[in-house]
Structures are given as structure tokens and as C-alpha cells.
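Structure file data.txt; described as compact mmCIF, C-alpha atoms.
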# COMPACT_ATOMS: atom_id res chain seq x y z
CA MET A 242 17.66 223.15 90.93
CA GLU A 243 16.42 220.94 93.75
CA ALA A 244 15.73 222.87 96.95
CA VAL A 245 17.76 221.86 99.99
CA PHE A 246 16.37 221.74 103.50
CA PRO A 247 17.90 224.39 105.72
CA ILE A 248 20.11 223.37 108.62
CA ASP A 249 19.87 226.14 111.17
CA LEU A 250 23.10 226.75 113.12
CA ARG A 251 22.48 230.43 113.83
CA SER A 252 21.91 229.86 117.54
CA ASP A 253 20.82 227.31 120.12
CA THR A 254 17.73 229.49 120.59
CA VAL A 255 16.15 228.17 117.37
CA THR A 256 15.09 224.89 118.99
CA GLU A 257 11.41 224.06 119.13
CA PRO A 258 9.64 222.40 122.07
CA ASP A 259 9.07 218.71 121.41
CA GLU A 260 5.94 216.72 122.16
CA GLU A 261 7.01 215.87 125.73
CA MET A 262 7.53 219.54 126.51
CA ARG A 263 4.28 220.58 124.83
CA ARG A 264 2.35 218.01 126.87
CA ALA A 265 3.90 219.31 130.08
CA MET A 266 2.95 222.86 129.15
CA ALA A 267 -0.62 221.86 128.35
CA ALA A 268 -1.02 220.00 131.65
CA ALA A 269 0.66 222.59 133.90
CA GLU A 270 -1.01 223.63 137.13
CA VAL A 271 -1.35 227.41 137.00
CA ALA A 272 -2.41 230.47 138.98
CA ASP A 273 -1.92 234.23 138.72
CA ASP A 274 1.79 234.76 139.38
CA VAL A 275 1.41 238.54 139.72
CA LEU A 276 -1.32 238.39 142.36
CA GLY A 277 0.32 235.52 144.24
CA HIS A 278 2.56 232.75 143.02
CA ASP A 279 1.92 230.31 140.23
CA PRO A 280 2.66 226.82 141.68
CA THR A 281 4.55 225.54 138.63
CA MET A 282 6.55 228.77 138.44
CA LEU A 283 7.42 228.41 142.11
CA ALA A 284 8.56 224.81 141.60
CA LEU A 285 10.84 225.90 138.75
CA GLU A 286 12.32 228.78 140.74
CA GLU A 287 13.02 226.58 143.76
CA ARG A 288 14.66 223.94 141.59
CA VAL A 289 16.91 226.44 139.83
CA ALA A 290 17.89 228.05 143.13
CA ALA A 291 18.95 224.64 144.44
CA LEU A 292 20.96 223.89 141.30
CA LEU A 293 22.77 227.23 141.57
CA GLY A 294 23.37 227.01 145.32
CA VAL A 295 21.54 230.24 146.15
CA GLU A 296 18.60 231.16 148.35
CA ALA A 297 15.98 232.13 145.80
CA ALA A 298 15.27 232.60 142.11
CA LEU A 299 12.85 234.45 139.83
CA TRP A 300 11.62 233.48 136.36
CA VAL A 301 11.98 236.22 133.74
CA PRO A 302 11.01 236.27 130.06
CA SER A 303 14.58 236.69 128.81
CA GLY A 304 18.21 236.58 129.82
CA SER A 305 18.58 240.24 128.88
CA MET A 306 15.83 241.14 131.35
CA GLY A 307 17.45 238.99 134.02
CA ASN A 308 20.77 240.76 133.55
CA LEU A 309 19.09 244.16 133.51
CA ILE A 310 17.20 243.46 136.75
CA ALA A 311 20.44 242.48 138.47
CA LEU A 312 22.34 245.53 137.20
CA THR A 313 19.47 247.84 138.15
CA LEU A 314 19.57 246.60 141.72
CA HIS A 315 23.38 246.53 141.97
CA LEU A 316 24.16 249.93 140.46
CA SER A 317 23.47 253.49 141.52
CA ARG A 318 23.38 256.07 138.74
CA GLY A 319 26.85 256.73 137.38
CA ASP A 320 28.46 253.67 139.00
CA ARG A 321 31.00 251.96 136.80
CA PHE A 322 30.86 248.22 136.26
CA LEU A 323 33.52 245.96 134.78
CA ALA A 324 32.92 243.32 132.12
CA SER A 325 35.04 241.46 129.61
CA PRO A 326 35.33 242.70 126.01
CA GLY A 327 32.47 241.35 123.93
CA ALA A 328 30.37 240.56 127.00
CA HIS A 329 26.67 240.21 126.27
CA VAL A 330 25.80 242.95 128.79
CA LEU A 331 28.06 245.33 126.84
CA ASP A 332 27.39 244.48 123.21
CA ALA A 333 24.05 242.68 122.87
CA GLU A 334 21.53 244.27 125.22
CA LEU A 335 20.89 247.62 123.48
CA GLY A 336 22.85 249.61 126.06
CA THR A 337 20.22 249.04 128.75
CA ALA A 338 22.94 248.68 131.40
CA ALA A 339 23.56 252.40 130.92
CA TRP A 340 20.21 253.53 129.55
CA ILE A 341 17.96 251.95 132.19
CA ALA A 342 20.21 250.64 134.98
CA GLY A 343 22.25 253.85 134.91
CA GLY A 344 25.66 252.19 134.97
CA MET A 345 28.90 253.22 133.27
CA PRO A 346 30.20 250.16 131.38
CA HIS A 347 33.92 249.46 131.23
CA ALA A 348 35.37 246.66 129.10
CA LEU A 349 38.38 245.02 130.72
CA ASP A 350 40.44 241.90 130.09
CA LEU A 351 39.49 240.28 133.37
CA THR A 352 42.29 239.00 135.57
CA PRO A 353 42.64 239.25 139.34
CA ALA A 354 45.30 241.93 138.85
CA SER A 355 43.27 244.00 136.39
CA ILE A 356 40.22 243.89 138.65
CA ARG A 357 42.20 245.05 141.67
CA SER A 358 43.96 247.82 139.77
CA SER A 359 40.76 249.07 138.12
CA ALA A 360 38.64 249.21 141.25
CA GLY A 361 41.02 249.51 144.19
CA GLY A 362 42.46 252.61 145.80
CA GLU A 363 41.20 256.08 146.54
CA THR A 364 39.72 258.29 143.82
CA PRO A 365 38.77 261.98 143.80
CA TYR A 366 35.16 262.72 144.64
CA TYR A 367 34.54 263.45 140.95
CA GLY A 368 36.04 260.15 139.82
CA LEU A 369 34.12 257.08 138.75
CA ARG A 370 32.92 254.81 141.53
CA THR A 371 33.34 251.17 140.50
CA THR A 372 30.91 248.87 142.31
CA LEU A 373 30.22 245.78 140.19
CA LEU A 374 31.97 243.01 138.29
CA CYS A 375 30.02 241.21 135.55
CA LEU A 376 31.23 237.75 134.57
CA GLU A 377 29.98 235.59 131.68
CA ASN A 378 30.22 231.79 131.57
CA THR A 379 30.25 230.46 128.92
CA HIS A 380 31.51 233.51 127.03
CA ASN A 381 29.45 233.81 123.88
CA ALA A 382 31.58 236.19 121.79
CA SER A 383 34.73 234.22 122.57
CA GLY A 384 33.21 231.07 121.11
CA GLY A 385 31.53 229.50 124.13
CA THR A 386 34.70 229.40 126.21
CA VAL A 387 34.38 228.26 129.81
CA THR A 388 35.69 229.63 133.08
CA PRO A 389 36.72 226.75 135.37
CA PRO A 390 36.05 226.90 139.14
CA ASP A 391 39.60 227.84 140.15
CA GLU A 392 39.75 230.75 137.69
CA HIS A 393 36.26 231.83 138.69
CA ALA A 394 37.26 231.76 142.36
CA SER A 395 40.30 233.95 141.72
CA LEU A 396 38.19 236.55 139.91
CA VAL A 397 35.49 236.78 142.58
CA ALA A 398 38.18 236.88 145.30
CA ALA A 399 39.77 239.86 143.58
CA ALA A 400 36.37 241.52 143.35
CA ALA A 401 35.80 240.95 147.06
CA ASP A 402 39.21 242.43 147.86
CA VAL A 403 38.18 245.76 146.32
CA GLY A 404 34.57 245.73 147.48
CA LEU A 405 32.84 244.83 144.22
CA ARG A 406 29.60 242.93 144.00
CA VAL A 407 29.54 240.18 141.33
CA HIS A 408 26.85 239.35 138.79
CA LEU A 409 27.26 236.25 136.62
CA ASP A 410 25.64 236.15 133.20
CA GLY A 411 25.27 232.39 133.02
CA ALA A 412 23.01 232.22 129.97
CA ARG A 413 24.94 229.08 128.99
CA LEU A 414 26.15 228.12 132.46
CA TRP A 415 24.62 224.67 131.93
CA ASN A 416 27.03 224.17 129.01
CA ALA A 417 29.98 225.17 131.18
CA SER A 418 28.84 222.78 133.90
CA VAL A 419 28.60 219.87 131.47
CA ALA A 420 31.89 220.69 129.73
CA LEU A 421 33.76 220.88 133.03
CA ASP A 422 31.82 218.00 134.63
CA VAL A 423 31.06 220.03 137.75
CA PRO A 424 27.75 221.00 139.36
CA PRO A 425 26.39 224.40 138.30
CA ALA A 426 26.75 225.62 141.89
CA ALA A 427 30.53 225.14 141.63
CA LEU A 428 30.52 227.95 139.04
CA THR A 429 28.46 230.45 141.05
CA VAL A 430 30.52 230.55 144.26
CA GLY A 431 31.05 234.11 145.45
CA CYS A 432 28.50 235.62 143.08
CA ASP A 433 25.83 237.92 144.45
CA THR A 434 23.50 237.22 141.55
CA VAL A 435 23.35 234.91 138.53
CA GLN A 436 21.20 234.65 135.43
CA VAL A 437 20.66 231.36 133.60
CA CYS A 438 18.72 230.65 130.42
CA LEU A 439 16.24 227.87 129.69
CA SER A 440 15.75 228.54 125.97
CA LYS A 441 19.34 228.09 124.85
CA GLY A 442 20.15 224.47 124.13
CA LEU A 443 17.61 223.00 126.54
CA GLY A 444 14.66 223.48 124.21
CA ALA A 445 12.30 225.69 126.21
CA PRO A 446 10.49 228.21 123.99
CA VAL A 447 11.04 231.13 126.37
CA GLY A 448 12.43 231.99 129.77
CA SER A 449 15.43 232.63 131.97
CA VAL A 450 15.92 232.78 135.73
CA VAL A 451 17.73 235.39 137.81
CA ALA A 452 18.80 234.26 141.25
CA GLY A 453 20.53 235.31 144.44
CA SER A 454 19.55 236.05 148.02
CA SER A 455 15.93 236.06 149.16
CA SER A 456 16.09 239.82 149.66
CA PHE A 457 17.44 240.29 146.14
CA VAL A 458 14.61 238.23 144.63
CA THR A 459 12.02 240.23 146.59
CA GLU A 460 13.30 243.42 144.97
CA ALA A 461 13.81 241.68 141.62
CA ARG A 462 10.08 240.88 141.46
CA ARG A 463 9.39 244.61 141.76
CA VAL A 464 11.83 245.53 139.00
CA ARG A 465 10.50 242.74 136.76
CA LYS A 466 7.04 244.25 137.11
CA MET A 467 8.40 247.72 136.32
CA LEU A 468 9.91 246.35 133.12
CA GLY A 469 6.65 244.66 132.09
CA GLY A 470 7.90 241.17 132.87
CA GLY A 471 5.17 240.06 135.25
CA VAL A 472 3.21 237.08 133.94
CA ARG A 473 -0.16 235.74 134.97
CA GLN A 474 -0.58 231.99 134.45
CA GLY A 475 3.17 231.57 134.02
CA GLY A 476 3.11 227.88 134.85
CA VAL A 477 2.50 227.10 131.18
CA LEU A 478 5.98 228.49 130.47
CA ALA A 479 7.57 227.25 133.68
CA ALA A 480 6.51 223.69 132.87
CA ALA A 481 8.68 223.88 129.75
CA GLY A 482 11.56 225.06 131.95
CA LEU A 483 11.19 222.08 134.30
CA VAL A 484 11.39 219.68 131.37
CA ALA A 485 14.37 221.64 130.03
CA LEU A 486 16.30 221.19 133.29
CA ASP A 487 16.02 217.42 132.94
CA ARG A 488 17.95 217.75 129.68
CA ILE A 489 21.08 219.41 130.95
CA PRO A 490 23.21 216.23 130.51
CA SER A 491 22.23 216.07 126.83
CA LEU A 492 24.24 219.24 126.18
CA ALA A 493 27.28 216.96 125.97
CA LEU A 494 25.96 215.79 122.58
CA ASP A 495 25.89 219.38 121.33
CA HIS A 496 29.52 219.75 122.39
CA ASP A 497 30.43 216.54 120.54
CA HIS A 498 28.69 217.79 117.41
CA ALA A 499 30.51 221.14 117.64
CA ARG A 500 33.88 219.38 117.83
CA ALA A 501 32.96 217.20 114.84
CA LEU A 502 31.90 220.27 112.87
CA ALA A 503 35.10 222.13 113.73
CA GLU A 504 37.27 219.17 112.77
CA GLY A 505 35.44 218.76 109.49
CA LEU A 506 35.73 222.44 108.62
CA ARG A 507 39.45 222.39 109.36
CA SER A 508 39.84 219.40 107.04
CA LEU A 509 38.23 221.55 104.34
CA GLY A 510 40.78 224.31 104.92
CA TRP A 511 38.77 226.58 107.20
CA ASP A 512 40.45 228.51 110.02
CA VAL A 513 38.53 227.20 113.03
CA ALA A 514 39.47 227.13 116.69
CA GLU A 515 38.67 224.07 118.81
CA PRO A 516 35.32 224.70 120.50
CA ALA A 517 35.01 224.40 124.25
CA THR A 518 31.26 223.87 124.17
CA ASN A 519 28.65 224.21 121.41
CA ILE A 520 29.84 227.35 119.60
CA VAL A 521 32.19 227.14 116.61
CA LEU A 522 33.88 230.32 115.36
CA ALA A 523 35.48 230.42 111.92
CA SER A 524 37.74 233.19 110.62
CA VAL A 525 37.02 234.01 106.98
CA PRO A 526 38.35 236.60 104.50
CA ASP A 527 34.93 238.14 103.83
CA LEU A 528 32.24 237.60 106.46
CA ALA A 529 29.26 238.88 104.45
CA VAL A 530 30.18 236.87 101.35
CA THR A 531 30.71 233.71 103.38
CA LEU A 532 27.40 234.01 105.22
CA HIS A 533 25.58 234.61 101.93
CA GLY A 534 27.28 231.60 100.37
CA LEU A 535 26.37 229.38 103.31
CA GLU A 536 22.76 230.51 103.12
CA HIS A 537 22.70 229.58 99.44
CA LEU A 538 23.82 226.08 100.52
CA GLY A 539 21.02 225.89 103.06
CA VAL A 540 23.42 226.29 105.99
CA LEU A 541 22.31 229.09 108.31
CA ALA A 542 25.03 230.69 110.44
CA SER A 543 25.48 234.10 112.08
CA PRO A 544 28.17 236.76 112.51
CA MET A 545 30.00 236.97 115.83
CA ALA A 546 33.06 239.03 116.69
CA GLY A 547 33.94 239.38 113.00
CA LYS A 548 33.73 235.62 112.44
CA VAL A 549 31.21 233.06 111.28
CA ARG A 550 29.42 231.50 114.22
CA PHE A 551 27.92 228.02 114.04
CA VAL A 552 25.97 226.84 117.10
CA THR A 553 24.99 223.21 117.59
CA HIS A 554 21.84 222.36 119.53
CA ARG A 555 19.35 219.62 120.35
CA ASP A 556 17.52 219.98 117.01
CA VAL A 557 20.74 219.17 115.11
CA ASP A 558 22.15 215.63 115.12
CA ALA A 559 25.31 213.99 113.83
CA SER A 560 23.79 213.40 110.40
CA ASP A 561 23.02 217.12 110.07
CA VAL A 562 26.65 217.96 110.88
CA LYS A 563 27.81 215.53 108.18
CA GLU A 564 25.37 217.09 105.72
CA VAL A 565 26.67 220.59 106.50
CA LEU A 566 30.22 219.44 105.83
CA ARG A 567 29.14 217.66 102.63
CA ARG A 568 27.48 220.80 101.27
CA ILE A 569 30.43 223.02 102.14
CA GLY A 570 32.87 220.44 100.79
CA GLU A 571 31.16 220.41 97.41
CA VAL A 572 31.98 224.07 96.85
CA SER A 573 35.34 224.27 98.65
As a first step, turn the structure in this file into C-alpha cells.
Amino acid sequence: MEAVFPIDLRSDTVTEPDEEMRRAMAAAEVADDVLGHDPTMLALEERVAALLGVEAALWVPSGSMGNLIALTLHLSRGDRFLASPGAHVLDAELGTAAWIAGGMPHALDLTPASIRSSAGGETPYYGLRTTLLCLENTHNASGGTVTPPDEHASLVAAAADVGLRVHLDGARLWNASVALDVPPAALTVGCDTVQVCLSKGLGAPVGSVVAGSSSFVTEARRVRKMLGGGVRQGGVLAAAGLVALDRIPSLALDHDHARALAEGLRSLGWDVAEPATNIVLASVPDLAVTLHGLEHLGVLASPMAGKVRFVTHRDVDASDVKEVLRRIGEVS
């Protein structure tokens, strides 16, 4: 049997840096970012802060570390924080929000009313103290769904009404910005802190940025060091991030490919919701069997919320989507 080349749709993190990005990394101006400030790292942080409409930003090795730094600084031990069901900070970060940051997680279908009722009012001294709201845009486990500016504004307004700080997990905020055709800063209004990723969809090999006020970033540098996230000549990695930021508009192609994939799967009889961005979720009778069958066809996908998740990205083009549908169609 002739071997088929694999088409990897497990995540938009599987992308590899192209030659342009590798050249930028090789030529980056660097210095010791722990002892002072690497100039390329500083340029990246200032650019991201401007895009997000905040005072300052800090490069971190991963989105999980960025979220953990924010929660560590927002929460006192035993404080409850609210997040939507399936949120990355609840289900995909090894419980570090509780284990290291010391918070008590609470999953909640987030609406202005639910936020006010969950955090407002007097409680006995022995009751939980709720201090933080965690938002996620796009929402990974829901299939890359987006929160538009008006809905975002209503959620952060409710949080403000009951005295909650707000952290935004914006690992795929760039996708939301492109899908909604609004600047990224339009989706961070009212947030105290935000984390964005450079290695999802944009092609950087590593790195995220956590951002907020200048005072927050000063403390965030300390926590990053505590967690082992300080880097020395970080400009080599930051240079990849600067190239990645130039590619934000290209995410629209990933969204187009996701819609084409979803439409094709539906035509083959699959139960697939219309994707909002670059994540396609398919309901199947037997998840394990389906994933194994897809792997046999050379189509790599992943499980998510009990469904098959396909994620389009810059290393997958329209011809790859057609090939995926051809392979699946041959056995459907």
C-alpha cells in the first residue's frame, strides 16, 4: 500500500517557522534579558502593548505561563475566580490556577446576570471571596467561537459592578480580531490583563505575551523568573514574534479553509457546526475509533470536548483541505 503524506490538523501550534522567520531569528540583535532588557524582546513587547491598547507587555515562553502569572498576581490564596466551562485555565493547564496561583476555580456560563449573582452581595466571613473573572477569546473548547466587542463590554461591565478584576486569555485573540474585523484593542477594553499567543496560527516556534499596566508587568517579570521563565538572549525568539505579528491578516485564510473543510465534511454526512474562526468541531458516534481511522488516512486531528477537532493553519492550504475531504470521502 502506498504511504500517504500526513496532513496535520491537530492544532495551529504545529506550524514551522519559514525561511523569512528563520533569517530574522538568525539576525536578531540580542542582549541578556534577565540582567537588563534584550532590545529585540523590548521591541516586541512594546509593539504588542500598542496592539492591545495597554501600557506594557512581557514575553513569556507559553500562554499557560502567561495565564498563570496573571492569576498569581490577581488572586490571594483561596480566592474564587470565574471562568466559562471548558476554559483553558480550567481544563488544560494542569490545575496550576489552584496548585500554584492558589485560586478556587468556578465554571460558570458567563452572562452579565450570572456574573453579578455569583460575585455580588455580602457573604459570611467563611464564605468564598470571588475576586476575578477570566474570559477567553476565541474560546478553544467551544470551537474557536468569538466574543464581539458589545458582548465583551457587557461582561466586563458586570465584573466591574461587583468589584472583579478581569483577565483575558486571548491565546487566539488575533483570530477573533480578524474574524470580527476590529482592532485587537477593541477586544481588551476593561481588562486588567491579557495574554496573547505568537505560536498559534502566526508561525512563531515559541512564545506568548502577557500584558497590562506598567506596575503589573513589573511584578510579572518577578513571577516569570520564579517560574523559570526568564530568558537570556531572548531576541532570537522575539524576532520570530515580530515577524509573526506582520502575519495577523493572513489568519483570514485559515478561517476560509476551516469553512471549506466544514462544508465538505457536512456534504459527506458529518455533523459539523459552522466554524467562527479556524477550529472545526465534528460530533461522531465513537471518538476514539474516528480519530484512529483518520490517522490511518493520514489525517491528523485531536479530541476536544468529546468531539473531533480539526484546526486549520498557515502550513495548510486549500489543496490540503481538498485532499483531506477526498481521503475521507473515499471511505465514507
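Straight-line separation from atom CA of A:Met266 to atom CA of A:Val447: 11.9 Å.
Closest approach to A:Val330 among A:Leu374, A:Ala399, A:Leu528, A:Leu292 is made by A:Leu374 (distances from all atoms listed in the file).
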Any idea what's packed within 8 Å of A:Asp274, counting only C-alpha atoms, ignoring anything in its chain fewer than 2 positions away? Could you give it as a ChimeraX atom specification? /A:272,276-279,282,471-475
Could the residues in this selection be saved with C-alpha atoms as a CSV table (one decimal), in the coordinates of the input?
chain,number,residue,atom,x,y,z
A,272,ALA,CA,-2.4,230.5,139.0
A,276,LEU,CA,-1.3,238.4,142.4
A,277,GLY,CA,0.3,235.5,144.2
A,278,HIS,CA,2.6,232.8,143.0
A,279,ASP,CA,1.9,230.3,140.2
A,282,MET,CA,6.6,228.8,138.4
A,471,GLY,CA,5.2,240.1,135.2
A,472,VAL,CA,3.2,237.1,133.9
A,473,ARG,CA,-0.2,235.7,135.0
A,474,GLN,CA,-0.6,232.0,134.4
A,475,GLY,CA,3.2,231.6,134.0
Residues within 12 Å of (16.9, 221.2, 107.3), file coords, only C-alpha atoms, listed as a PDB file with C-alpha atoms, keeping the file's coordinate frame:
ATOM      1  CA  ALA A 244      15.730 222.870  96.950  1.00  0.00           C
ATOM      2  CA  VAL A 245      17.760 221.860  99.990  1.00  0.00           C
ATOM      3  CA  PHE A 246      16.370 221.740 103.500  1.00  0.00           C
ATOM      4  CA  PRO A 247      17.900 224.390 105.720  1.00  0.00           C
ATOM      5  CA  ILE A 248      20.110 223.370 108.620  1.00  0.00           C
ATOM      6  CA  ASP A 249      19.870 226.140 111.170  1.00  0.00           C
ATOM      7  CA  LEU A 250      23.100 226.750 113.120  1.00  0.00           C
ATOM      8  CA  GLU A 536      22.760 230.510 103.120  1.00  0.00           C
ATOM      9  CA  LEU A 538      23.820 226.080 100.520  1.00  0.00           C
ATOM     10  CA  GLY A 539      21.020 225.890 103.060  1.00  0.00           C
ATOM     11  CA  VAL A 540      23.420 226.290 105.990  1.00  0.00           C
ATOM     12  CA  LEU A 541      22.310 229.090 108.310  1.00  0.00           C
ATOM     13  CA  ASP A 556      17.520 219.980 117.010  1.00  0.00           C
ATOM     14  CA  VAL A 557      20.740 219.170 115.110  1.00  0.00           C
ATOM     15  CA  ASP A 558      22.150 215.630 115.120  1.00  0.00           C
ATOM     16  CA  SER A 560      23.790 213.400 110.400  1.00  0.00           C
ATOM     17  CA  ASP A 561      23.020 217.120 110.070  1.00  0.00           C
ATOM     18  CA  VAL A 562      26.650 217.960 110.880  1.00  0.00           C
ATOM     19  CA  GLU A 564      25.370 217.090 105.720  1.00  0.00           C
ATOM     20  CA  VAL A 565      26.670 220.590 106.500  1.00  0.00           C
TER      21      VAL A 565
END
Within 12 Å of A:Met467, counting all atoms listed in the file, which residues qualify if same-chain residues fewer than 2 places away don't, as a PyMOL selection string? chain A and resi 306+309-310+313+341+460-465+469-471
If we count only C-alpha atoms, what is near A:Leu502 at a cut-off of 12 Å, once residues fewer than 5 positions away on the same chain are taken out, given as a VMD selection string? chain A and resid 250 495 to 497 507 to 509 511 513 to 516 518 to 523 550 to 553 557 to 567 569
Contact residues around A:Ala481 with all atoms listed in the file at 8 Å, ignoring same-chain residues under 2 positions, as a tab-separated table (two decimals) with C-alpha atoms, in the frame of the given file:
chain	number	residue	atom	x	y	z
A	258	PRO	CA	9.64	222.40	122.07
A	262	MET	CA	7.53	219.54	126.51
A	263	ARG	CA	4.28	220.58	124.83
A	265	ALA	CA	3.90	219.31	130.08
A	266	MET	CA	2.95	222.86	129.15
A	445	ALA	CA	12.30	225.69	126.21
A	446	PRO	CA	10.49	228.21	123.99
A	477	VAL	CA	2.50	227.10	131.18
A	478	LEU	CA	5.98	228.49	130.47
A	479	ALA	CA	7.57	227.25	133.68
A	483	LEU	CA	11.19	222.08	134.30
A	484	VAL	CA	11.39	219.68	131.37
A	485	ALA	CA	14.37	221.64	130.03
Find the residues around A:Trp415 up to 12 Å (all atoms listed in the file counted), leave out those fewer than 5 positions away in its own chain, and share them as a ChimeraX atom specification. /A:289,292-293,378-379,385,387,410,420-429,436-443,485-493,495-496,518-519
Residue among A:Gly384, A:Gly431, A:Gly319, A:Gly361 lying closest to A:Ala499, counting all atoms listed in the file: A:Gly384
One residue among A:Ala452, A:Ala529, A:Ala394, A:Leu323 is nearest to A:Arg288 when using only C-alpha atoms, and that residue is A:Ala452
Protein, DNA and RNA residues within 6 Å of (24.7, 236.6, 142.6), only C-alpha atoms, as a list in words: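 Selection result: His408, Cys432, Asp433, Thr434, Val435 and Gly453 of chain A.
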I'd like the interatomic distance between atom CA of A:Arg370 and atom CA of A:Gly343, to a tenth of an Å.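 Here the two named atoms are 12.6 Å from each other.
Picture a line from atom CA of A:Asn308 to atom CA of A:Val549; it runs 25.8 Å.
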With 5 Å on each side, where is the centre of the axis-aligned box around all listed atoms of stretch 368-387 of chain A, and how long are its edges in Å to one decimal, as JSON?
{"center_x": 32.7, "center_y": 244.2, "center_z": 131.7, "size_x": 16.6, "size_y": 41.9, "size_z": 31.2}
Quick one: of A:Thr371, A:Ser449, A:Ser456, A:Ser383, who's nearest to A:Gly404, counting all atoms listed in the file?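 With all atoms listed in the file as the atom set, the closest residue is A:Thr371.
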For A:Arg318, which of A:Ala342, A:Glu261, A:Ser305, A:Ala546 is the closest residue, counting only C-alpha atoms? A:Ala342
Between A:Val275, A:Leu312, A:Val301, A:Leu349, which one has atoms that come closest to A:Leu409, using only C-alpha atoms?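 With only C-alpha atoms as the atom set, the closest residue is A:Leu312.
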